[in-house]
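Raw protein_37.txt, compact mmCIF, C-alpha atoms:
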# COMPACT_ATOMS: atom_id res chain seq x y z
CA MET A 1 5.12 0.26 -53.60
CA ILE A 2 1.48 1.39 -53.65
CA ARG A 3 1.04 4.64 -55.56
CA VAL A 4 -1.78 6.72 -54.11
CA LEU A 5 -3.70 9.83 -55.13
CA VAL A 6 -5.46 11.74 -52.33
CA ALA A 7 -8.29 14.16 -53.14
CA ASP A 8 -10.18 16.23 -50.56
CA ASP A 9 -11.30 19.85 -50.60
CA GLN A 10 -10.54 20.30 -46.88
CA PRO A 11 -6.86 21.29 -46.50
CA LEU A 12 -6.43 19.72 -43.05
CA VAL A 13 -7.99 16.41 -44.08
CA ARG A 14 -6.04 16.38 -47.33
CA ALA A 15 -2.76 17.05 -45.53
CA GLY A 16 -3.51 14.62 -42.73
CA VAL A 17 -4.42 11.68 -44.94
CA SER A 18 -1.47 12.36 -47.25
CA ALA A 19 0.97 12.49 -44.32
CA LEU A 20 -0.51 9.36 -42.77
CA LEU A 21 -0.10 7.35 -45.96
CA ALA A 22 3.27 8.81 -46.92
CA ALA A 23 4.69 7.66 -43.58
CA GLU A 24 4.14 4.02 -44.58
CA PRO A 25 7.16 2.28 -46.15
CA ASP A 26 5.06 0.61 -48.85
CA VAL A 27 3.00 3.67 -49.84
CA ASP A 28 3.97 6.54 -52.13
CA VAL A 29 1.57 9.51 -52.32
CA VAL A 30 2.14 10.52 -55.92
CA ALA A 31 -0.54 13.22 -56.18
CA VAL A 32 -2.72 15.42 -53.97
CA ALA A 33 -5.81 17.21 -55.31
CA ALA A 34 -8.15 19.84 -53.86
CA ASP A 35 -11.11 19.14 -56.17
CA GLY A 36 -12.52 16.46 -58.44
CA GLY A 37 -11.35 18.05 -61.67
CA GLU A 38 -7.78 18.20 -60.44
CA ALA A 39 -8.08 14.62 -59.16
CA LEU A 40 -9.02 13.34 -62.63
CA ALA A 41 -6.22 15.26 -64.32
CA LEU A 42 -3.66 13.98 -61.81
CA ALA A 43 -4.96 10.42 -62.06
CA ARG A 44 -4.38 10.51 -65.80
CA SER A 45 -0.88 11.93 -65.48
CA THR A 46 0.37 9.91 -62.48
CA ARG A 47 -1.62 6.66 -62.95
CA PRO A 48 -1.91 5.74 -59.25
CA ASP A 49 -2.75 2.30 -57.89
CA VAL A 50 -5.47 3.70 -55.59
CA ALA A 51 -7.43 6.96 -55.49
CA VAL A 52 -8.56 8.04 -52.02
CA LEU A 53 -11.47 10.40 -52.63
CA ASP A 54 -13.77 12.63 -50.64
CA ILE A 55 -17.35 12.48 -51.92
CA ARG A 56 -18.24 16.16 -51.64
CA MET A 57 -15.72 18.13 -53.71
CA PRO A 58 -16.01 21.16 -56.01
CA VAL A 59 -15.70 21.05 -59.82
CA ARG A 60 -16.31 17.28 -59.95
CA ASN A 61 -17.65 15.36 -56.96
CA GLY A 62 -16.37 11.99 -55.83
CA ILE A 63 -19.12 10.11 -57.66
CA GLU A 64 -18.21 11.65 -61.00
CA VAL A 65 -14.52 10.98 -60.42
CA ALA A 66 -15.18 7.37 -59.37
CA ARG A 67 -17.42 6.80 -62.38
CA GLU A 68 -14.62 7.82 -64.74
CA LEU A 69 -11.82 6.03 -62.90
CA CYS A 70 -13.79 2.79 -62.43
CA ALA A 71 -15.41 2.57 -65.87
CA PRO A 72 -14.73 -0.68 -67.75
CA ASP A 73 -12.89 1.25 -70.47
CA ALA A 74 -11.17 3.74 -68.14
CA ASP A 75 -7.60 4.72 -68.95
CA PRO A 76 -6.21 4.58 -66.42
CA ALA A 77 -8.57 2.33 -64.47
CA VAL A 78 -8.00 3.20 -60.81
CA PRO A 79 -9.62 1.50 -57.80
CA VAL A 80 -11.35 4.05 -55.56
CA LEU A 81 -11.49 4.22 -51.78
CA VAL A 82 -14.04 6.76 -50.54
CA LEU A 83 -13.51 8.61 -47.27
CA THR A 84 -16.70 10.30 -46.13
CA THR A 85 -18.31 11.98 -43.13
CA PHE A 86 -21.74 10.87 -44.35
CA ASP A 87 -22.55 7.35 -43.24
CA LEU A 88 -25.86 6.98 -45.10
CA ASP A 89 -25.75 9.89 -47.51
CA ASP A 90 -27.24 9.38 -50.98
CA LEU A 91 -23.81 10.18 -52.39
CA VAL A 92 -22.39 7.09 -50.71
CA PHE A 93 -24.80 4.93 -52.67
CA GLY A 94 -24.01 6.85 -55.83
CA ALA A 95 -20.31 6.16 -55.36
CA LEU A 96 -21.05 2.47 -54.82
CA GLU A 97 -22.97 2.35 -58.08
CA ALA A 98 -20.12 4.18 -59.79
CA GLY A 99 -17.80 1.30 -58.90
CA ALA A 100 -15.96 2.40 -55.75
CA SER A 101 -14.08 -0.45 -54.11
CA GLY A 102 -14.40 0.70 -50.53
CA PHE A 103 -15.83 3.16 -48.02
CA LEU A 104 -14.55 4.46 -44.70
CA LEU A 105 -15.66 7.22 -42.41
CA LYS A 106 -13.10 10.00 -42.00
CA ASP A 107 -12.94 9.38 -38.26
CA ALA A 108 -11.67 5.83 -38.82
CA GLU A 109 -8.50 4.91 -36.94
CA PRO A 110 -5.29 5.68 -38.88
CA ASP A 111 -4.29 2.02 -39.11
CA VAL A 112 -7.71 1.17 -40.52
CA ILE A 113 -7.30 3.76 -43.28
CA VAL A 114 -3.82 2.49 -44.14
CA ASP A 115 -5.02 -1.11 -44.22
CA ALA A 116 -7.97 -0.13 -46.40
CA VAL A 117 -5.62 1.40 -48.97
CA ARG A 118 -3.59 -1.80 -49.01
CA GLN A 119 -6.72 -3.93 -49.36
CA VAL A 120 -8.08 -1.87 -52.24
CA ALA A 121 -4.69 -1.91 -53.98
CA ALA A 122 -4.68 -5.71 -53.66
CA GLY A 123 -8.13 -5.95 -55.25
CA ASN A 124 -9.96 -6.53 -51.98
CA GLY A 125 -12.88 -4.20 -51.46
CA THR A 126 -13.41 -2.80 -47.97
CA ILE A 127 -16.14 -1.04 -46.05
CA ASP A 128 -16.20 0.41 -42.55
CA GLN A 129 -17.48 -2.28 -40.18
CA SER A 130 -19.85 0.20 -38.55
CA LEU A 131 -21.41 0.86 -41.95
CA THR A 132 -21.52 -2.60 -43.48
CA ARG A 133 -24.93 -3.76 -42.35
CA ARG A 134 -26.63 -0.38 -42.67
CA VAL A 135 -25.12 0.41 -46.06
CA LEU A 136 -25.95 -2.97 -47.58
CA ARG A 137 -29.44 -3.08 -46.10
CA GLU A 138 -30.21 0.50 -47.13
CA PHE A 139 -28.67 0.09 -50.58
CA VAL A 140 -30.71 -3.01 -51.31
CA SER A 141 -33.92 -1.47 -49.94
CA ARG A 142 -33.52 1.57 -52.19
CA ARG A 143 -33.34 -0.52 -55.35
CA SER A 144 -36.50 -1.73 -57.07
CA LEU A 145 -35.61 -5.33 -57.81
CA GLN A 146 -37.25 -7.60 -60.29
CA PRO A 147 -38.90 -10.65 -58.73
CA VAL A 148 -36.30 -13.31 -58.07
CA THR A 149 -37.07 -16.92 -58.87
CA GLY A 150 -34.77 -19.84 -58.33
CA ASP A 151 -31.08 -19.54 -57.50
CA ARG A 152 -29.78 -16.60 -59.50
CA ALA A 153 -26.16 -17.40 -58.63
CA SER A 154 -26.49 -20.93 -60.01
CA GLU A 155 -28.10 -19.56 -63.17
CA VAL A 156 -25.34 -17.04 -63.81
CA LEU A 157 -22.22 -18.52 -62.22
CA THR A 158 -20.35 -21.81 -62.20
CA ALA A 159 -20.42 -23.80 -58.96
CA ARG A 160 -16.92 -22.66 -58.02
CA GLU A 161 -17.68 -19.02 -58.87
CA ARG A 162 -20.72 -19.26 -56.61
CA ASP A 163 -18.50 -20.60 -53.82
CA VAL A 164 -16.20 -17.63 -54.27
CA LEU A 165 -19.14 -15.21 -54.20
CA LEU A 166 -20.50 -16.67 -50.97
CA LEU A 167 -17.12 -16.33 -49.26
CA LEU A 168 -16.70 -12.86 -50.71
CA ALA A 169 -20.02 -11.87 -49.15
CA GLN A 170 -18.62 -12.96 -45.79
CA GLY A 171 -15.94 -10.31 -46.15
CA MET A 172 -13.07 -12.67 -46.97
CA SER A 173 -9.94 -11.52 -48.79
CA ASN A 174 -8.50 -13.37 -51.80
CA GLU A 175 -6.05 -15.13 -49.50
CA GLU A 176 -8.78 -16.23 -47.09
CA ILE A 177 -10.98 -17.46 -49.94
CA ALA A 178 -8.06 -19.41 -51.38
CA ALA A 179 -7.41 -21.06 -48.02
CA ALA A 180 -11.08 -21.94 -47.56
CA LEU A 181 -11.33 -23.50 -51.01
CA VAL A 182 -7.82 -25.00 -50.90
CA VAL A 183 -6.74 -23.33 -54.15
CA GLU A 184 -4.09 -20.81 -55.18
CA VAL A 185 -4.73 -17.09 -54.77
CA SER A 186 -4.22 -16.73 -58.53
CA THR A 187 -7.11 -19.14 -59.06
CA VAL A 188 -9.38 -17.00 -56.88
CA LYS A 189 -8.38 -13.92 -58.87
CA SER A 190 -9.20 -15.73 -62.11
CA HIS A 191 -12.64 -16.69 -60.82
CA LEU A 192 -13.27 -13.08 -59.78
CA ALA A 193 -12.13 -11.75 -63.15
CA ARG A 194 -14.67 -13.99 -64.89
CA MET A 195 -17.39 -13.45 -62.31
CA LEU A 196 -17.65 -9.65 -62.27
CA PRO A 197 -18.59 -9.27 -65.97
CA LYS A 198 -21.17 -12.06 -65.61
CA LEU A 199 -22.82 -10.17 -62.77
CA GLY A 200 -22.59 -6.87 -64.61
CA VAL A 201 -20.63 -5.23 -61.79
CA ARG A 202 -17.33 -3.37 -61.58
CA SER A 203 -15.98 -4.21 -58.16
CA ARG A 204 -15.92 -6.85 -55.45
CA LEU A 205 -18.10 -4.64 -53.29
CA GLN A 206 -20.73 -4.45 -56.02
CA ALA A 207 -20.55 -8.24 -56.36
CA VAL A 208 -21.45 -8.52 -52.67
CA VAL A 209 -24.39 -6.16 -53.18
CA TRP A 210 -25.49 -8.33 -56.13
CA ALA A 211 -25.43 -11.34 -53.83
CA TYR A 212 -27.72 -9.58 -51.36
CA GLN A 213 -30.01 -8.22 -54.07
CA ASN A 214 -30.47 -11.64 -55.60
CA ARG A 215 -30.94 -13.36 -52.26
CA VAL A 216 -27.83 -15.48 -52.58
CA VAL A 217 -27.14 -14.38 -49.00
CA ALA A 218 -29.50 -12.76 -46.50
CA VAL A 219 -29.49 -9.00 -46.07
CA PRO A 220 -27.79 -8.22 -42.72
CA GLU A 221 -30.05 -7.26 -39.84
CA GLY A 222 -29.39 -4.85 -37.00
Using the file provided, produce a representation of the structure as structure tokens.
Amino acid sequence: MIRVLVADDQPLVRAGVSALLAAEPDVDVVAVAADGGEALALARSTRPDVAVLDIRMPVRNGIEVARELCAPDADPAVPVLVLTTFDLDDLVFGALEAGASGFLLKDAEPDVIVDAVRQVAAGNGTIDQSLTRRVLREFVSRRSLQPVTGDRASEVLTARERDVLLLLAQGMSNEEIAAALVVEVSTVKSHLARMLPKLGVRSRLQAVVWAYQNRVVAVPEG
């Protein structure tokens, strides 16, 4: 059972997302919050598996909540899925830097939202397909990068970790990466667990951004 916290300051959105998720047999909505301060308090008391957060909330916004829930020493450490109406808002990039595992627009189809919660709970980051190219391209363009020489992935990662990163950047799940490399899913998870600290990132999504920033893969066009 996936334990979920939902936080949104809009009553209709909050109720709608909560009802949508609660209707799923493998999801239990354990807490519902109307602002970021309440979301943090409820996360600490209920210890959910996933926090579904709006970005713009009173008291504490989604970035501040994500930063605390996704910090390396967070207790509890909770993966964050951001639902937003702002496709290229500065706050989206702030939430990415804070360690959010996924982003969806609020007008996403219900089954897409449910699947995203499952993916984030399983450790697979997710991002709305309509946003992927624009978000990654814009995020990378907004960052002043140091000149890159050589193959940064080879300098930082083992050969197998680099393989995992390349497949991760293609949007593959742990299961798909395992099948492509002909290894167990647990092996992929072990590679990821070692890889993220090496890259200095907190989530799979940030690892993909690192791959684009360091030219391991080309920044998407279009």
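The space separating atom CA of A:Phe93 from atom CA of A:Thr46 comes to 27.5 Å.
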Quiz item: What does the distance between atom CA of A:Leu181 and atom CA of A:Leu81 come to in Å, to one decimal place?
Solution: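 Between atom CA of A:Leu181 and atom CA of A:Leu81 the gap is 27.7 Å.
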Quiz prompt | Neighbour list for A:Gln10 as a list in words, cut-off 10 Å, all atoms listed in the file, skip fewer than 2 positions in-chain | solution =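 The contact residues come out as Ala7, Asp8, Leu12, Val13, Arg14, Ala15, Gly16, Ala34, Asp35, Asp54, Arg56 and Met57 of chain A.
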Self-check item: Counting all atoms listed in the file, the residue of A:Val201, A:Ala66, A:Ala169, A:Leu53 that sits nearest A:Val117
Solution: A:Leu53
Exercise. List the neighbours of A:Ile177 out to 12 Å using all atoms listed in the file; skip same-chain residues closer than 3 positions along the sequence, and give me the result as a PyMOL selection string.
Key: chain A and resi 124+160-174+180-189+191-192
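Among the candidates A:Val59, A:Ser45, A:Pro110, A:Val120, the residue lying nearest to A:Val82 is A:Val120 (atoms considered: all atoms listed in the file).
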Quiz prompt | Long-range neighbours of A:Ala211 as a PyMOL selection string, 10 Å cut-off, all atoms listed in the file, 2 positions minimum in chain | solution = chain A and resi 152-153+162+165-166+168-169+199+205-209+213-219
Can you report as AutoDock Vina command-line options the centre and edge lengths in Å, to one decimal, of an axis-aligned box around the listed atoms of stretch 72-78 of chain A padded with 8 Å on each side?
--center_x -10.5 --center_y 2.0 --center_z -65.6 --size_x 24.5 --size_y 21.4 --size_z 25.7
Quiz prompt | Long-range neighbours of A:Asp28 as a ChimeraX atom specification, 6 Å cut-off, only C-alpha atoms, 2 positions minimum in chain | solution = /A:2-3,22,30
Keeping C-alpha atoms for every residue in the selection just given, could you write it to a file as a tab-separated table (two decimals), in the frame of the given file?
chain	number	residue	atom	x	y	z
A	2	ILE	CA	1.48	1.39	-53.65
A	3	ARG	CA	1.04	4.64	-55.56
A	22	ALA	CA	3.27	8.81	-46.92
A	30	VAL	CA	2.14	10.52	-55.92
Practice problem: Show which residues sit within 10 Å of A:Val32, as a count of residues only. Count all atoms listed in the file, and ignore same-chain residues fewer than 6 positions away. | Solution: 15
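Reported to one decimal place, the separation of atom CA of A:Leu157 from atom CA of A:Lys198 is 7.4 Å.
The nearest approach to A:Val27 among the residues A:Val114, A:Gly62, A:Asp107, A:Glu97, with all atoms listed in the file taken into account, belongs to A:Val114.
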Exercise. Rank A:Pro72, A:Gly123, A:Pro11, A:Pro79 by their smallest atom-to-atom distance to A:Val50, using all atoms listed in the file, and report the top residue only.
Key: A:Pro79
Self-check item: A:Asp111, A:Ile55, A:Tyr212, A:Ala41 ranked by distance to A:Val92, top pick (using only C-alpha atoms)
Solution: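 Of A:Asp111, A:Ile55, A:Tyr212, A:Ala41, the one nearest A:Val92 is A:Ile55, counting only C-alpha atoms.
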